[in-house]
file final_3.cif (mmCIF, C-alpha atoms and all ligand atoms)
data_coords
loop_
_atom_site.label_atom_id
_atom_site.label_comp_id
_atom_site.auth_asym_id
_atom_site.auth_seq_id
_atom_site.Cartn_x
_atom_site.Cartn_y
_atom_site.Cartn_z
CA MET A 1 -69.38 -9.24 81.10
CA PRO A 2 -70.78 -8.37 84.48
CA HIS A 3 -67.89 -6.04 85.21
CA LEU A 4 -68.76 -3.74 82.29
CA THR A 5 -71.59 -1.23 82.53
CA PRO A 6 -73.95 -0.79 79.54
CA GLU A 7 -72.34 2.64 78.99
CA GLN A 8 -68.85 1.12 78.90
CA ILE A 9 -69.99 -1.56 76.44
CA GLN A 10 -71.56 1.11 74.25
CA THR A 11 -68.32 3.12 74.27
CA LEU A 12 -66.29 0.04 73.29
CA ASP A 13 -68.82 -0.88 70.60
CA GLN A 14 -68.55 2.61 69.12
CA LEU A 15 -64.75 2.39 69.16
CA MET A 16 -64.96 -0.86 67.22
CA ASP A 17 -67.51 0.64 64.80
CA ALA A 18 -65.19 3.52 64.00
CA ARG A 19 -62.21 1.22 63.57
CA TRP A 20 -64.23 -1.18 61.44
CA ALA A 21 -65.24 1.63 59.08
CA ARG A 22 -61.64 2.84 58.83
CA GLU A 23 -60.20 -0.61 58.14
CA ILE A 24 -62.88 -1.48 55.57
CA ALA A 25 -62.30 1.82 53.79
CA GLU A 26 -58.58 1.09 53.53
CA ILE A 27 -59.17 -2.46 52.27
CA ASP A 28 -61.71 -1.13 49.78
CA ALA A 29 -59.25 1.44 48.46
CA VAL A 30 -56.64 -1.26 47.82
CA ALA A 31 -59.21 -3.68 46.39
CA ALA A 32 -60.52 -1.02 44.02
CA ARG A 33 -56.98 -0.30 42.83
CA SER A 34 -56.04 -3.91 42.28
CA ARG A 35 -59.15 -5.21 40.56
CA ASP A 36 -60.34 -4.71 37.05
CA GLU A 37 -63.51 -2.71 36.49
CA ARG A 38 -65.70 -5.72 35.78
CA ARG A 39 -65.04 -7.43 39.10
CA GLN A 40 -64.96 -4.29 41.15
CA GLU A 41 -67.38 -4.50 44.01
CA ALA A 42 -66.93 -2.61 47.24
CA ILE A 43 -66.31 -4.76 50.29
CA ALA A 44 -68.19 -2.25 52.44
CA GLY A 45 -71.35 -3.14 50.57
CA ARG A 46 -71.02 -6.87 51.16
CA ALA A 47 -73.19 -8.68 53.63
CA ALA A 48 -71.34 -9.74 56.75
CA ASP A 49 -71.66 -13.42 55.86
CA ARG A 50 -69.80 -12.78 52.62
CA LEU A 51 -67.02 -10.83 54.28
CA ASP A 52 -64.61 -13.78 54.38
CA GLU A 53 -65.18 -14.39 50.69
CA ALA A 54 -64.46 -10.74 49.92
CA LEU A 55 -61.37 -10.75 52.10
CA ALA A 56 -60.15 -13.93 50.40
CA GLU A 57 -60.31 -12.14 47.06
CA VAL A 58 -58.23 -9.29 48.40
CA ALA A 59 -55.80 -11.82 49.85
CA GLN A 60 -55.09 -13.05 46.32
CA SER A 61 -54.20 -9.59 45.12
CA THR A 62 -50.65 -8.36 44.94
CA ASP A 63 -51.48 -5.61 47.42
CA TYR A 64 -52.15 -8.18 50.12
CA ALA A 65 -49.09 -7.16 52.11
CA ILE A 66 -50.48 -3.63 52.37
CA VAL A 67 -53.88 -4.67 53.68
CA ARG A 68 -52.83 -7.73 55.63
CA GLN A 69 -52.98 -5.90 58.96
CA ASN A 70 -56.31 -4.28 58.02
CA ILE A 71 -57.78 -7.70 57.29
CA GLU A 72 -56.53 -9.09 60.57
CA ASP A 73 -58.02 -6.12 62.41
CA VAL A 74 -61.38 -6.57 60.69
CA ARG A 75 -61.41 -10.25 61.65
CA ASP A 76 -60.50 -9.33 65.24
CA ILE A 77 -63.39 -6.86 65.39
CA ALA A 78 -65.81 -9.42 63.91
CA ALA A 79 -64.69 -11.94 66.54
CA ALA A 80 -65.03 -9.37 69.34
CA ARG A 81 -68.57 -8.57 68.21
CA LYS A 82 -69.42 -12.26 68.31
CA ARG A 83 -68.17 -12.40 71.89
CA LEU A 84 -70.20 -9.28 72.66
CA ALA A 85 -73.34 -10.97 71.31
CA ALA A 86 -72.54 -14.18 73.19
CA GLY A 87 -71.94 -12.33 76.44
CA THR A 88 -68.34 -13.49 76.70
CA TYR A 89 -66.78 -10.19 75.69
CA GLY A 90 -64.28 -8.78 78.17
CA VAL A 91 -63.53 -12.22 79.60
CA CYS A 92 -60.05 -13.69 79.08
CA THR A 93 -60.21 -16.64 76.68
CA ASP A 94 -57.27 -18.29 78.44
CA CYS A 95 -58.01 -18.00 82.16
CA GLY A 96 -61.57 -16.66 82.31
CA ALA A 97 -60.58 -13.56 84.27
CA GLU A 98 -62.27 -10.24 83.58
CA ILE A 99 -60.34 -7.97 81.24
CA GLY A 100 -60.07 -4.48 82.72
CA TYR A 101 -62.00 -1.62 81.13
CA GLU A 102 -58.81 0.43 80.73
CA ARG A 103 -57.23 -2.38 78.71
CA LEU A 104 -60.37 -2.74 76.58
CA LEU A 105 -60.39 1.00 75.92
CA ALA A 106 -56.85 0.72 74.58
CA TYR A 107 -57.54 -2.62 72.82
CA PRO A 108 -61.29 -3.10 72.31
CA THR A 109 -60.68 -6.44 70.61
CA ALA A 110 -58.49 -7.85 73.41
CA LYS A 111 -59.12 -11.58 73.91
CA ARG A 112 -56.87 -12.03 76.89
CA CYS A 113 -56.19 -10.37 80.20
CA ILE A 114 -52.89 -8.55 80.43
CA ARG A 115 -51.31 -11.40 82.42
CA CYS A 116 -52.17 -14.09 79.84
CA GLN A 117 -51.23 -11.79 76.95
CA ARG A 118 -47.78 -11.20 78.45
CA GLU A 119 -47.38 -14.93 79.06
CA ARG A 120 -48.33 -15.63 75.45
CA GLU A 121 -45.90 -13.06 74.09
CA ARG A 122 -43.18 -14.55 76.27
CA GLN A 123 -43.94 -18.04 74.89
CA GLU A 124 -43.93 -16.75 71.33
CA ALA A 125 -40.58 -15.08 71.90
CA ILE A 126 -39.09 -18.32 73.20
CA LEU A 127 -40.61 -20.81 70.79
CA PRO A 128 -39.07 -20.89 67.32
CA ARG A 129 -41.47 -19.64 64.69
CA ARG A 130 -42.47 -22.03 61.96
CA GLY A 131 -41.02 -21.11 58.62
CA THR A 132 -37.94 -19.37 59.95
CA PRO A 133 -34.63 -21.00 59.06
ZN ZN A 201 -56.13 -14.42 81.44
#
call {"tool": "encode", "arguments": {"input": "final_3.cif", "output": "structure tokens"}}
result
Amino acid sequence: MPHLTPEQIQTLDQLMDARWAREIAEIDAVAARSRDERRQEAIAGRAADRLDEALAEVAQSTDYAIVRQNIEDVRDIAAARKRLAAGTYGVCTDCGAEIGYERLLAYPTAKRCIRCQRERERQEAILPRRGTP
């Protein structure tokens, strides 16, 4: 991520922190509602390595539709943090180009540059989705 300054990375990291806390709080609220007292355990208190397990439990609940987007966002943030640690954050996973800071500010978890993202959305619009009649 040579194109990002340490200050920019810190700003993006803080954005993801704030979003992470918000998403986890929403998932927790639904999980708390949908579970019985005995099994109730806050996701926020789970260790990161047990996050998938906790999310899988929520996925089985009837409120899954409500938190589906939250869970996807949390996974996106976790993946972005991995890229940050690996030094590949801010680099397009498709073409290897640098992802602009402005785009990252708007979408801190962006995996692709705007060009590849548009191309992908175009492909997805053309290709028939699995499961649709
Ligand atoms: Zn690209």
call {"tool": "residues_near_ligand", "arguments": {"input": "final_3.cif", "ligand": "ligand ZN 201 (chain A)", "cutoff": "12 Å", "atoms": "only C-alpha atoms and all ligand atoms", "output": "short mmCIF file (atom, residue, chain, number, x, y, z; two decimals) with C-alpha atoms, keeping the file's coordinate frame"}}
result
data_model
loop_
_atom_site.label_atom_id
_atom_site.label_comp_id
_atom_site.auth_asym_id
_atom_site.auth_seq_id
_atom_site.Cartn_x
_atom_site.Cartn_y
_atom_site.Cartn_z
CA GLY A 90 -64.28 -8.78 78.17
CA VAL A 91 -63.53 -12.22 79.60
CA CYS A 92 -60.05 -13.69 79.08
CA THR A 93 -60.21 -16.64 76.68
CA ASP A 94 -57.27 -18.29 78.44
CA CYS A 95 -58.01 -18.00 82.16
CA GLY A 96 -61.57 -16.66 82.31
CA ALA A 97 -60.58 -13.56 84.27
CA GLU A 98 -62.27 -10.24 83.58
CA ILE A 99 -60.34 -7.97 81.24
CA GLY A 100 -60.07 -4.48 82.72
CA ALA A 110 -58.49 -7.85 73.41
CA LYS A 111 -59.12 -11.58 73.91
CA ARG A 112 -56.87 -12.03 76.89
CA CYS A 113 -56.19 -10.37 80.20
CA ILE A 114 -52.89 -8.55 80.43
CA ARG A 115 -51.31 -11.40 82.42
CA CYS A 116 -52.17 -14.09 79.84
CA GLN A 117 -51.23 -11.79 76.95
CA ARG A 118 -47.78 -11.20 78.45
CA GLU A 119 -47.38 -14.93 79.06
CA ARG A 120 -48.33 -15.63 75.45
#
call {"tool": "residues_around", "arguments": {"input": "final_3.cif", "residues": "stretch 11-15 of chain A", "least_positions_apart": "2", "cutoff": "10 Å", "atoms": "all atoms listed in the file", "output": "JSON list (two decimals) with C-alpha atoms, in the coordinates of the input"}}
result
[["chain", "number", "residue", "atom", "x", "y", "z"],
["A", 5, "THR", "CA", -71.59, -1.23, 82.53],
["A", 6, "PRO", "CA", -73.95, -0.79, 79.54],
["A", 7, "GLU", "CA", -72.34, 2.64, 78.99],
["A", 8, "GLN", "CA", -68.85, 1.12, 78.90],
["A", 9, "ILE", "CA", -69.99, -1.56, 76.44],
["A", 17, "ASP", "CA", -67.51, 0.64, 64.80],
["A", 18, "ALA", "CA", -65.19, 3.52, 64.00],
["A", 19, "ARG", "CA", -62.21, 1.22, 63.57],
["A", 20, "TRP", "CA", -64.23, -1.18, 61.44],
["A", 77, "ILE", "CA", -63.39, -6.86, 65.39],
["A", 80, "ALA", "CA", -65.03, -9.37, 69.34],
["A", 81, "ARG", "CA", -68.57, -8.57, 68.21],
["A", 84, "LEU", "CA", -70.20, -9.28, 72.66],
["A", 101, "TYR", "CA", -62.00, -1.62, 81.13],
["A", 104, "LEU", "CA", -60.37, -2.74, 76.58],
["A", 105, "LEU", "CA", -60.39, 1.00, 75.92],
["A", 106, "ALA", "CA", -56.85, 0.72, 74.58],
["A", 107, "TYR", "CA", -57.54, -2.62, 72.82],
["A", 108, "PRO", "CA", -61.29, -3.10, 72.31],
["A", 109, "THR", "CA", -60.68, -6.44, 70.61]]
call {"tool": "atom_distance", "arguments": {"input": "final_3.cif", "atom1": "atom CA of A:Asn70", "atom2": "atom CA of A:Arg83"}}
result
20.0 Å
call {"tool": "atom_distance", "arguments": {"input": "final_3.cif", "atom1": "atom CA of A:Ala54", "atom2": "atom CA of A:Tyr89"}}
result
25.9 Å
call {"tool": "atom_distance", "arguments": {"input": "final_3.cif", "atom1": "atom CA of A:Ala79", "atom2": "atom CA of A:Glu57"}}
result
20.0 Å
call {"tool": "closest_residue", "arguments": {"input": "final_3.cif", "among": "A:Arg75, A:Arg50, A:Thr88, A:Glu23", "to": "A:Leu4", "atoms": "only C-alpha atoms"}}
result
A:Thr88
call {"tool": "closest_residue", "arguments": {"input": "final_3.cif", "among": "A:Leu51, A:His3, A:Met16, A:Arg122", "to": "A:Asp76", "atoms": "all atoms listed in the file"}}
result
A:Met16
call {"tool": "closest_residue", "arguments": {"input": "final_3.cif", "among": "A:Glu26, A:Glu102, A:Asp52, A:Glu124", "to": "A:Ala78", "atoms": "only C-alpha atoms"}}
result
A:Asp52
call {"tool": "build_atoms", "arguments": {"input": "final_3.cif", "residues": "stretch 72-99 of chain A", "atoms": "N, CA and C atoms", "output": "PDB file, in the frame of the given file"}}
result
ATOM      1  N   GLU A  72     -56.606  -8.476  59.244  1.00  0.00           N
ATOM      2  CA  GLU A  72     -56.530  -9.090  60.570  1.00  0.00           C
ATOM      3  C   GLU A  72     -57.349  -8.296  61.595  1.00  0.00           C
ATOM      4  N   ASP A  73     -57.270  -6.973  61.490  1.00  0.00           N
ATOM      5  CA  ASP A  73     -58.020  -6.120  62.410  1.00  0.00           C
ATOM      6  C   ASP A  73     -59.524  -6.311  62.240  1.00  0.00           C
ATOM      7  N   VAL A  74     -59.960  -6.376  60.972  1.00  0.00           N
ATOM      8  CA  VAL A  74     -61.380  -6.570  60.690  1.00  0.00           C
ATOM      9  C   VAL A  74     -61.864  -7.894  61.275  1.00  0.00           C
ATOM     10  N   ARG A  75     -61.038  -8.930  61.105  1.00  0.00           N
ATOM     11  CA  ARG A  75     -61.410 -10.250  61.650  1.00  0.00           C
ATOM     12  C   ARG A  75     -61.458 -10.208  63.173  1.00  0.00           C
ATOM     13  N   ASP A  76     -60.515  -9.473  63.780  1.00  0.00           N
ATOM     14  CA  ASP A  76     -60.500  -9.330  65.240  1.00  0.00           C
ATOM     15  C   ASP A  76     -61.775  -8.644  65.727  1.00  0.00           C
ATOM     16  N   ILE A  77     -62.178  -7.599  64.995  1.00  0.00           N
ATOM     17  CA  ILE A  77     -63.390  -6.860  65.390  1.00  0.00           C
ATOM     18  C   ILE A  77     -64.616  -7.754  65.236  1.00  0.00           C
ATOM     19  N   ALA A  78     -64.675  -8.505  64.133  1.00  0.00           N
ATOM     20  CA  ALA A  78     -65.810  -9.420  63.910  1.00  0.00           C
ATOM     21  C   ALA A  78     -65.879 -10.441  65.045  1.00  0.00           C
ATOM     22  N   ALA A  79     -64.729 -10.958  65.461  1.00  0.00           N
ATOM     23  CA  ALA A  79     -64.690 -11.940  66.540  1.00  0.00           C
ATOM     24  C   ALA A  79     -65.108 -11.307  67.868  1.00  0.00           C
ATOM     25  N   ALA A  80     -64.668 -10.066  68.102  1.00  0.00           N
ATOM     26  CA  ALA A  80     -65.030  -9.370  69.340  1.00  0.00           C
ATOM     27  C   ALA A  80     -66.534  -9.120  69.398  1.00  0.00           C
ATOM     28  N   ARG A  81     -67.127  -8.797  68.244  1.00  0.00           N
ATOM     29  CA  ARG A  81     -68.570  -8.570  68.210  1.00  0.00           C
ATOM     30  C   ARG A  81     -69.345  -9.857  68.476  1.00  0.00           C
ATOM     31  N   LYS A  82     -68.794 -10.963  68.022  1.00  0.00           N
ATOM     32  CA  LYS A  82     -69.420 -12.260  68.310  1.00  0.00           C
ATOM     33  C   LYS A  82     -69.410 -12.516  69.806  1.00  0.00           C
ATOM     34  N   ARG A  83     -68.263 -12.211  70.435  1.00  0.00           N
ATOM     35  CA  ARG A  83     -68.170 -12.400  71.890  1.00  0.00           C
ATOM     36  C   ARG A  83     -69.128 -11.477  72.624  1.00  0.00           C
ATOM     37  N   LEU A  84     -69.281 -10.262  72.075  1.00  0.00           N
ATOM     38  CA  LEU A  84     -70.200  -9.280  72.660  1.00  0.00           C
ATOM     39  C   LEU A  84     -71.629  -9.833  72.621  1.00  0.00           C
ATOM     40  N   ALA A  85     -71.997 -10.406  71.475  1.00  0.00           N
ATOM     41  CA  ALA A  85     -73.340 -10.970  71.310  1.00  0.00           C
ATOM     42  C   ALA A  85     -73.534 -12.189  72.200  1.00  0.00           C
ATOM     43  N   ALA A  86     -72.460 -12.952  72.399  1.00  0.00           N
ATOM     44  CA  ALA A  86     -72.540 -14.180  73.190  1.00  0.00           C
ATOM     45  C   ALA A  86     -72.414 -13.917  74.688  1.00  0.00           C
ATOM     46  N   GLY A  87     -72.072 -12.665  75.033  1.00  0.00           N
ATOM     47  CA  GLY A  87     -71.940 -12.330  76.440  1.00  0.00           C
ATOM     48  C   GLY A  87     -70.608 -12.734  77.046  1.00  0.00           C
ATOM     49  N   THR A  88     -69.649 -13.084  76.186  1.00  0.00           N
ATOM     50  CA  THR A  88     -68.340 -13.490  76.700  1.00  0.00           C
ATOM     51  C   THR A  88     -67.280 -12.420  76.450  1.00  0.00           C
ATOM     52  N   TYR A  89     -67.720 -11.286  75.955  1.00  0.00           N
ATOM     53  CA  TYR A  89     -66.780 -10.190  75.690  1.00  0.00           C
ATOM     54  C   TYR A  89     -66.193  -9.674  77.006  1.00  0.00           C
ATOM     55  N   GLY A  90     -64.904  -9.337  76.967  1.00  0.00           N
ATOM     56  CA  GLY A  90     -64.280  -8.780  78.170  1.00  0.00           C
ATOM     57  C   GLY A  90     -63.848  -9.843  79.154  1.00  0.00           C
ATOM     58  N   VAL A  91     -63.964 -11.116  78.753  1.00  0.00           N
ATOM     59  CA  VAL A  91     -63.530 -12.220  79.600  1.00  0.00           C
ATOM     60  C   VAL A  91     -62.343 -12.895  78.911  1.00  0.00           C
ATOM     61  N   CYS A  92     -61.268 -13.090  79.639  1.00  0.00           N
ATOM     62  CA  CYS A  92     -60.050 -13.690  79.080  1.00  0.00           C
ATOM     63  C   CYS A  92     -60.346 -15.085  78.543  1.00  0.00           C
ATOM     64  N   THR A  93     -59.952 -15.332  77.287  1.00  0.00           N
ATOM     65  CA  THR A  93     -60.210 -16.640  76.680  1.00  0.00           C
ATOM     66  C   THR A  93     -59.297 -17.717  77.250  1.00  0.00           C
ATOM     67  N   ASP A  94     -58.205 -17.313  77.897  1.00  0.00           N
ATOM     68  CA  ASP A  94     -57.270 -18.290  78.440  1.00  0.00           C
ATOM     69  C   ASP A  94     -57.592 -18.682  79.878  1.00  0.00           C
ATOM     70  N   CYS A  95     -57.829 -17.683  80.740  1.00  0.00           N
ATOM     71  CA  CYS A  95     -58.010 -18.000  82.160  1.00  0.00           C
ATOM     72  C   CYS A  95     -59.401 -17.655  82.694  1.00  0.00           C
ATOM     73  N   GLY A  96     -60.212 -16.983  81.878  1.00  0.00           N
ATOM     74  CA  GLY A  96     -61.570 -16.660  82.310  1.00  0.00           C
ATOM     75  C   GLY A  96     -61.677 -15.440  83.209  1.00  0.00           C
ATOM     76  N   ALA A  97     -60.547 -14.755  83.437  1.00  0.00           N
ATOM     77  CA  ALA A  97     -60.580 -13.560  84.270  1.00  0.00           C
ATOM     78  C   ALA A  97     -61.198 -12.390  83.490  1.00  0.00           C
ATOM     79  N   GLU A  98     -61.708 -11.418  84.232  1.00  0.00           N
ATOM     80  CA  GLU A  98     -62.270 -10.240  83.580  1.00  0.00           C
ATOM     81  C   GLU A  98     -61.142  -9.371  83.038  1.00  0.00           C
ATOM     82  N   ILE A  99     -61.331  -8.867  81.833  1.00  0.00           N
ATOM     83  CA  ILE A  99     -60.340  -7.970  81.240  1.00  0.00           C
ATOM     84  C   ILE A  99     -60.730  -6.541  81.643  1.00  0.00           C
TER      85      ILE A  99
END
